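J.: Just one file: input-v2.cif, with mmCIF, C-alpha atoms and all ligand atoms.
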```
data_entry
loop_
_atom_site.label_atom_id
_atom_site.label_comp_id
_atom_site.auth_asym_id
_atom_site.auth_seq_id
_atom_site.Cartn_x
_atom_site.Cartn_y
_atom_site.Cartn_z
CA MET A 1 87.34 52.72 80.58
CA SER A 2 90.68 54.02 79.41
CA ILE A 3 90.96 57.43 77.76
CA ASN A 4 91.76 55.72 74.47
CA ALA A 5 88.65 53.50 74.64
CA LYS A 6 86.49 56.58 75.42
CA ARG A 7 87.98 58.39 72.42
CA LYS A 8 87.17 55.41 70.22
CA VAL A 9 83.55 55.31 71.41
CA TRP A 10 83.21 59.04 70.74
CA GLY A 11 84.86 58.62 67.35
CA VAL A 12 82.42 55.92 66.31
CA PHE A 13 79.47 57.95 67.65
CA LEU A 14 80.57 61.05 65.70
CA ALA A 15 81.07 59.03 62.50
CA VAL A 16 77.57 57.48 62.76
CA PHE A 17 76.00 60.86 63.58
CA THR A 18 77.73 62.54 60.63
CA ALA A 19 76.66 59.74 58.27
CA ILE A 20 73.00 60.07 59.36
CA ALA A 21 73.14 63.87 59.03
CA MET A 22 74.58 63.54 55.50
CA ILE A 23 71.83 61.09 54.45
CA TYR A 24 69.18 63.54 55.69
CA ALA A 25 70.86 66.46 53.94
CA ALA A 26 71.03 64.54 50.65
CA ASP A 27 67.34 63.65 50.96
CA GLU A 28 66.41 67.32 51.51
CA GLY A 29 68.26 68.21 48.33
CA THR A 30 66.16 65.88 46.20
CA LYS A 31 62.83 67.12 47.55
CA GLN A 32 60.80 69.28 45.15
CA PRO A 33 59.97 72.79 46.36
CA PRO A 34 56.28 73.21 47.25
CA VAL A 35 54.24 74.26 44.22
CA ALA A 36 51.43 76.79 44.51
CA GLU A 37 48.09 74.98 44.31
CA HIS A 38 46.91 76.60 41.11
CA ASP A 39 50.17 75.67 39.37
CA SER A 40 49.73 71.99 40.10
CA LEU A 41 46.26 71.96 38.51
CA SER A 42 45.71 70.61 35.04
CA GLN A 43 44.80 72.71 32.05
CA PHE A 44 41.98 71.51 29.82
CA THR A 45 41.02 72.68 26.39
CA ILE A 46 37.33 72.22 25.58
CA GLU A 47 38.30 69.17 23.48
CA GLN A 48 40.19 67.56 26.37
CA LEU A 49 37.37 68.36 28.80
CA ALA A 50 34.92 66.48 26.54
CA LYS A 51 36.56 63.16 27.48
CA PHE A 52 35.54 63.64 31.12
CA ASN A 53 31.90 62.92 30.42
CA GLY A 54 31.25 60.38 33.18
CA LYS A 55 30.84 57.56 30.67
CA ASN A 56 32.79 54.27 30.33
CA GLY A 57 34.47 54.75 33.70
CA ASN A 58 35.68 58.27 32.88
CA PRO A 59 35.38 60.90 35.60
CA ALA A 60 32.70 63.60 35.15
CA TYR A 61 34.05 67.16 34.96
CA VAL A 62 32.23 70.41 34.26
CA ALA A 63 33.68 73.87 33.64
CA VAL A 64 32.18 77.08 34.98
CA ASP A 65 33.95 80.43 34.51
CA SER A 66 37.13 78.62 33.36
CA VAL A 67 37.34 76.49 36.51
CA VAL A 68 37.02 72.72 36.02
CA TYR A 69 35.06 70.92 38.75
CA ASP A 70 34.77 67.19 39.47
CA VAL A 71 31.13 66.09 39.72
CA THR A 72 31.91 62.34 39.53
CA LYS A 73 30.68 61.70 43.07
CA VAL A 74 27.64 63.97 42.87
CA LYS A 75 24.40 61.93 42.87
CA ALA A 76 22.60 64.52 40.72
CA TRP A 77 25.32 63.95 38.06
CA LYS A 78 25.08 60.14 37.86
CA ASN A 79 26.75 58.85 34.66
CA GLY A 80 27.74 62.44 33.85
CA GLU A 81 24.14 63.48 33.28
CA HIS A 82 22.18 66.19 35.04
CA LYS A 83 18.76 67.81 34.82
CA ARG A 84 17.43 69.09 31.51
CA GLY A 85 19.85 67.00 29.43
CA LEU A 86 22.95 68.72 30.80
CA LYS A 87 26.08 66.63 30.31
CA ALA A 88 29.50 66.52 31.94
CA GLY A 89 32.53 67.24 29.77
CA ASN A 90 31.20 70.70 28.87
CA ASP A 91 31.57 74.36 29.73
CA LEU A 92 28.29 75.14 31.51
CA SER A 93 29.04 78.73 32.53
CA GLN A 94 25.88 80.04 30.82
CA GLN A 95 23.57 77.16 31.78
CA ILE A 96 24.32 77.43 35.51
CA LEU A 97 23.07 81.02 35.49
CA LYS A 98 19.64 79.69 34.52
CA SER A 99 19.63 76.90 37.15
CA PRO A 100 17.52 77.18 40.32
CA HIS A 101 20.53 76.64 42.56
CA GLY A 102 23.04 78.95 40.84
CA LYS A 103 26.78 78.85 41.50
CA LYS A 104 26.56 78.11 45.21
CA VAL A 105 26.60 74.35 44.41
CA LEU A 106 30.16 74.73 43.10
CA LYS A 107 31.79 75.78 46.34
CA ASN A 108 32.01 72.26 47.80
CA LEU A 109 33.19 70.55 44.62
CA PRO A 110 36.80 69.46 44.08
CA VAL A 111 38.56 71.76 41.61
CA VAL A 112 40.62 69.74 39.14
CA GLY A 113 41.92 72.36 36.75
CA ARG A 114 41.32 75.30 34.47
CA LEU A 115 39.70 75.58 31.09
CA VAL A 116 42.13 77.13 28.60
CA PRO A 117 41.56 78.32 25.03
CA THR A 118 42.39 75.90 22.23
CA ILE A 119 45.33 77.07 20.14
CA LYS A 120 44.32 76.55 16.52
CA ALA A 121 46.86 75.24 14.02
CA ASP A 122 46.45 78.25 11.68
CA SER A 123 47.25 80.73 14.46
CA ALA A 124 50.84 79.56 14.01
CA SER A 125 50.85 80.88 10.44
CA ALA A 126 52.55 84.08 11.65
CA VAL A 127 55.77 82.13 12.11
CA THR A 128 55.54 79.93 9.01
CA PRO A 129 57.41 81.25 5.94
CA LYS A 130 55.28 83.02 3.33
CA LYS A 131 57.26 81.51 0.43
CA GLU A 132 56.31 78.04 -0.59
CA LEU A 133 59.12 75.62 0.14
CA LYS A 134 60.34 73.63 -2.85
CA PRO A 135 61.03 69.95 -2.26
CA GLN A 136 64.75 69.40 -1.86
CA LYS A 137 66.56 67.34 -4.45
CA ALA A 138 68.80 64.51 -3.43
CA PRO A 139 72.46 64.97 -4.37
CA GLY A 140 72.98 63.90 -8.01
CA GLU A 141 69.21 64.13 -8.75
CA LYS A 142 68.21 66.29 -11.76
C1 LIG B 201 27.89 72.73 37.03
C2 LIG B 201 26.86 73.13 36.36
C3 LIG B 201 25.42 72.90 36.69
C4 LIG B 201 24.40 73.28 35.91
C5 LIG B 201 24.52 74.02 34.59
C6 LIG B 201 23.18 72.88 36.55
C7 LIG B 201 21.93 73.10 36.05
C8 LIG B 201 20.75 72.75 36.65
C9 LIG B 201 19.43 73.05 36.14
C10 LIG B 201 19.13 73.80 34.86
C11 LIG B 201 18.56 72.54 37.02
C12 LIG B 201 17.02 72.67 36.92
C13 LIG B 201 16.38 71.46 36.34
C14 LIG B 201 14.89 71.59 36.31
O1 LIG B 201 14.38 72.68 36.09
O2 LIG B 201 14.26 70.56 36.51
C15 LIG B 201 19.29 71.93 38.09
C16 LIG B 201 18.74 71.29 39.17
C17 LIG B 201 19.45 70.70 40.16
N1 LIG B 201 20.80 70.67 40.28
FE1 LIG B 201 22.11 71.44 39.01
N2 LIG B 201 23.48 72.23 37.72
C18 LIG B 201 24.83 72.23 37.86
C19 LIG B 201 25.55 71.69 38.90
C20 LIG B 201 24.97 71.05 39.95
C21 LIG B 201 25.72 70.47 41.03
C22 LIG B 201 27.23 70.49 41.15
C23 LIG B 201 24.84 69.93 41.90
C24 LIG B 201 25.05 69.22 43.17
C25 LIG B 201 26.15 69.31 43.91
C26 LIG B 201 23.52 70.16 41.36
C27 LIG B 201 22.37 69.74 41.92
C28 LIG B 201 21.11 69.98 41.44
C29 LIG B 201 19.89 69.55 42.06
C30 LIG B 201 19.81 68.77 43.36
C31 LIG B 201 18.86 70.00 41.25
C32 LIG B 201 17.36 69.81 41.50
C33 LIG B 201 16.91 70.66 42.62
C34 LIG B 201 16.96 72.09 42.32
O3 LIG B 201 16.22 72.51 41.44
O4 LIG B 201 17.73 72.82 42.96
N3 LIG B 201 23.65 70.86 40.17
N4 LIG B 201 20.64 72.06 37.82
#
```
Would you mind giving the structure from this file in structure tokens?
T.:
Amino acid sequence: MSINAKRKVWGVFLAVFTAIAMIYAADEGTKQPPVAEHDSLSQFTIEQLAKFNGKNGNPAYVAVDSVVYDVTKVKAWKNGEHKRGLKAGNDLSQQILKSPHGKKVLKNLPVVGRLVPTIKADSASAVTPKKELKPQKAPGEK
């Protein structure tokens, strides 16, 4: 092979290599940074948790000490119902203290989120103006 032909082969090789490297670099740039596990979990208010009652195809979640657990696949929680009329979709932090098994049953359950306090509408009153707002008149209106 002549020197020129060798140069050409190397040129093509370098161009292909550079192109592949650039594609990889661009892909790296679009990747999301890893998120800490607790950050990627959902937050549930008690009202939102209530929907996860194990009925009508909904998953069955229970909260204990602000941690929301998935009991959908637990036999003892079939249809979101447990012993003594206990139901999924609730905060059962107090009830579990009275159970024969205690909190040890929680350690193998999937954690799906955290229970957070509900922010009530009137707690925003601190930022709403004290004065009553008068309805604005349209231009030309008396
Ligand atoms: C998350 C909140 C939970 C609460 C508040 C709770 C509460 C209770 C209570 C009060 C009983 C006694 C019923 C009776 O006296 O007949 C009981 C029994 C039982 N629970 Fe739970 N439970 C919870 C979670 C679980 C989970 C996640 C499992 C399974 C993974 C489980 C499995 C059982 C079983 C097998 C029994 C009957 C046997 C026993 O007495 O240990 N429970 N539970």
J.: Do a neighbour search on A:Lys51 at 12 Å with all atoms listed in the file, toss out local chain neighbours closer than 2 positions, and write the hits as a VMD selection string.
T.: chain A and resid 44 to 49 53 to 62 80 87 to 90
J.: Pick the closest to A:Leu109 from A:Val74, A:Val12, A:Ala50, A:Ala121: which is it, counting only C-alpha atoms?
T.: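 Among the listed residues, the smallest separation from A:Leu109 belongs to A:Val74.
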J.: Show me which residues are within 10 Å of ligand LIG 201 (chain B) counting all atoms listed in the file, and format the list as an mmCIF file with C-alpha atoms, keeping the file's coordinate frame.
T.:
```cif
data_model
loop_
_atom_site.group_PDB
_atom_site.id
_atom_site.type_symbol
_atom_site.label_atom_id
_atom_site.label_comp_id
_atom_site.auth_asym_id
_atom_site.auth_seq_id
_atom_site.Cartn_x
_atom_site.Cartn_y
_atom_site.Cartn_z
ATOM 1 C CA TYR A 61 34.050 67.160 34.960
ATOM 2 C CA VAL A 62 32.230 70.410 34.260
ATOM 3 C CA ALA A 63 33.680 73.870 33.640
ATOM 4 C CA VAL A 64 32.180 77.080 34.980
ATOM 5 C CA VAL A 68 37.020 72.720 36.020
ATOM 6 C CA TYR A 69 35.060 70.920 38.750
ATOM 7 C CA ASP A 70 34.770 67.190 39.470
ATOM 8 C CA VAL A 71 31.130 66.090 39.720
ATOM 9 C CA THR A 72 31.910 62.340 39.530
ATOM 10 C CA LYS A 73 30.680 61.700 43.070
ATOM 11 C CA VAL A 74 27.640 63.970 42.870
ATOM 12 C CA LYS A 75 24.400 61.930 42.870
ATOM 13 C CA ALA A 76 22.600 64.520 40.720
ATOM 14 C CA TRP A 77 25.320 63.950 38.060
ATOM 15 C CA GLU A 81 24.140 63.480 33.280
ATOM 16 C CA HIS A 82 22.180 66.190 35.040
ATOM 17 C CA LYS A 83 18.760 67.810 34.820
ATOM 18 C CA ARG A 84 17.430 69.090 31.510
ATOM 19 C CA GLY A 85 19.850 67.000 29.430
ATOM 20 C CA LEU A 86 22.950 68.720 30.800
ATOM 21 C CA LYS A 87 26.080 66.630 30.310
ATOM 22 C CA ALA A 88 29.500 66.520 31.940
ATOM 23 C CA ASN A 90 31.200 70.700 28.870
ATOM 24 C CA ASP A 91 31.570 74.360 29.730
ATOM 25 C CA LEU A 92 28.290 75.140 31.510
ATOM 26 C CA SER A 93 29.040 78.730 32.530
ATOM 27 C CA GLN A 94 25.880 80.040 30.820
ATOM 28 C CA GLN A 95 23.570 77.160 31.780
ATOM 29 C CA ILE A 96 24.320 77.430 35.510
ATOM 30 C CA LEU A 97 23.070 81.020 35.490
ATOM 31 C CA LYS A 98 19.640 79.690 34.520
ATOM 32 C CA SER A 99 19.630 76.900 37.150
ATOM 33 C CA PRO A 100 17.520 77.180 40.320
ATOM 34 C CA HIS A 101 20.530 76.640 42.560
ATOM 35 C CA GLY A 102 23.040 78.950 40.840
ATOM 36 C CA LYS A 103 26.780 78.850 41.500
ATOM 37 C CA LYS A 104 26.560 78.110 45.210
ATOM 38 C CA VAL A 105 26.600 74.350 44.410
ATOM 39 C CA LEU A 106 30.160 74.730 43.100
ATOM 40 C CA LYS A 107 31.790 75.780 46.340
ATOM 41 C CA ASN A 108 32.010 72.260 47.800
ATOM 42 C CA LEU A 109 33.190 70.550 44.620
#
```
J.: What separation in Å, quoted to one decimal, exists between atom CA of A:Ser66 and atom CA of A:Arg114?
T.: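 Atom-to-atom, atom CA of A:Ser66 to atom CA of A:Arg114, that is 5.5 Å.
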J.: When you draw a straight line from atom CA of A:Gln43 to atom CA of A:Ile119, how long is it in Å?
T.: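 Here the two named atoms are 12.7 Å from each other.
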J.: Report, in Å with one decimal, the straight-line distance from atom CA of A:Val111 to atom CA of A:Leu41.
T.: 8.3 Å
J.: Calculate, to one decimal in Å, the centre and edge lengths of the box along x, y and z of the file that holds all listed atoms of stretch 81-91 of chain A with 5 Å of margin on each side, and present them as AutoDock Vina command-line options.
T.:
```
--center_x 25.0 --center_y 68.9 --center_z 32.0 --size_x 25.1 --size_y 20.9 --size_z 16.2
```
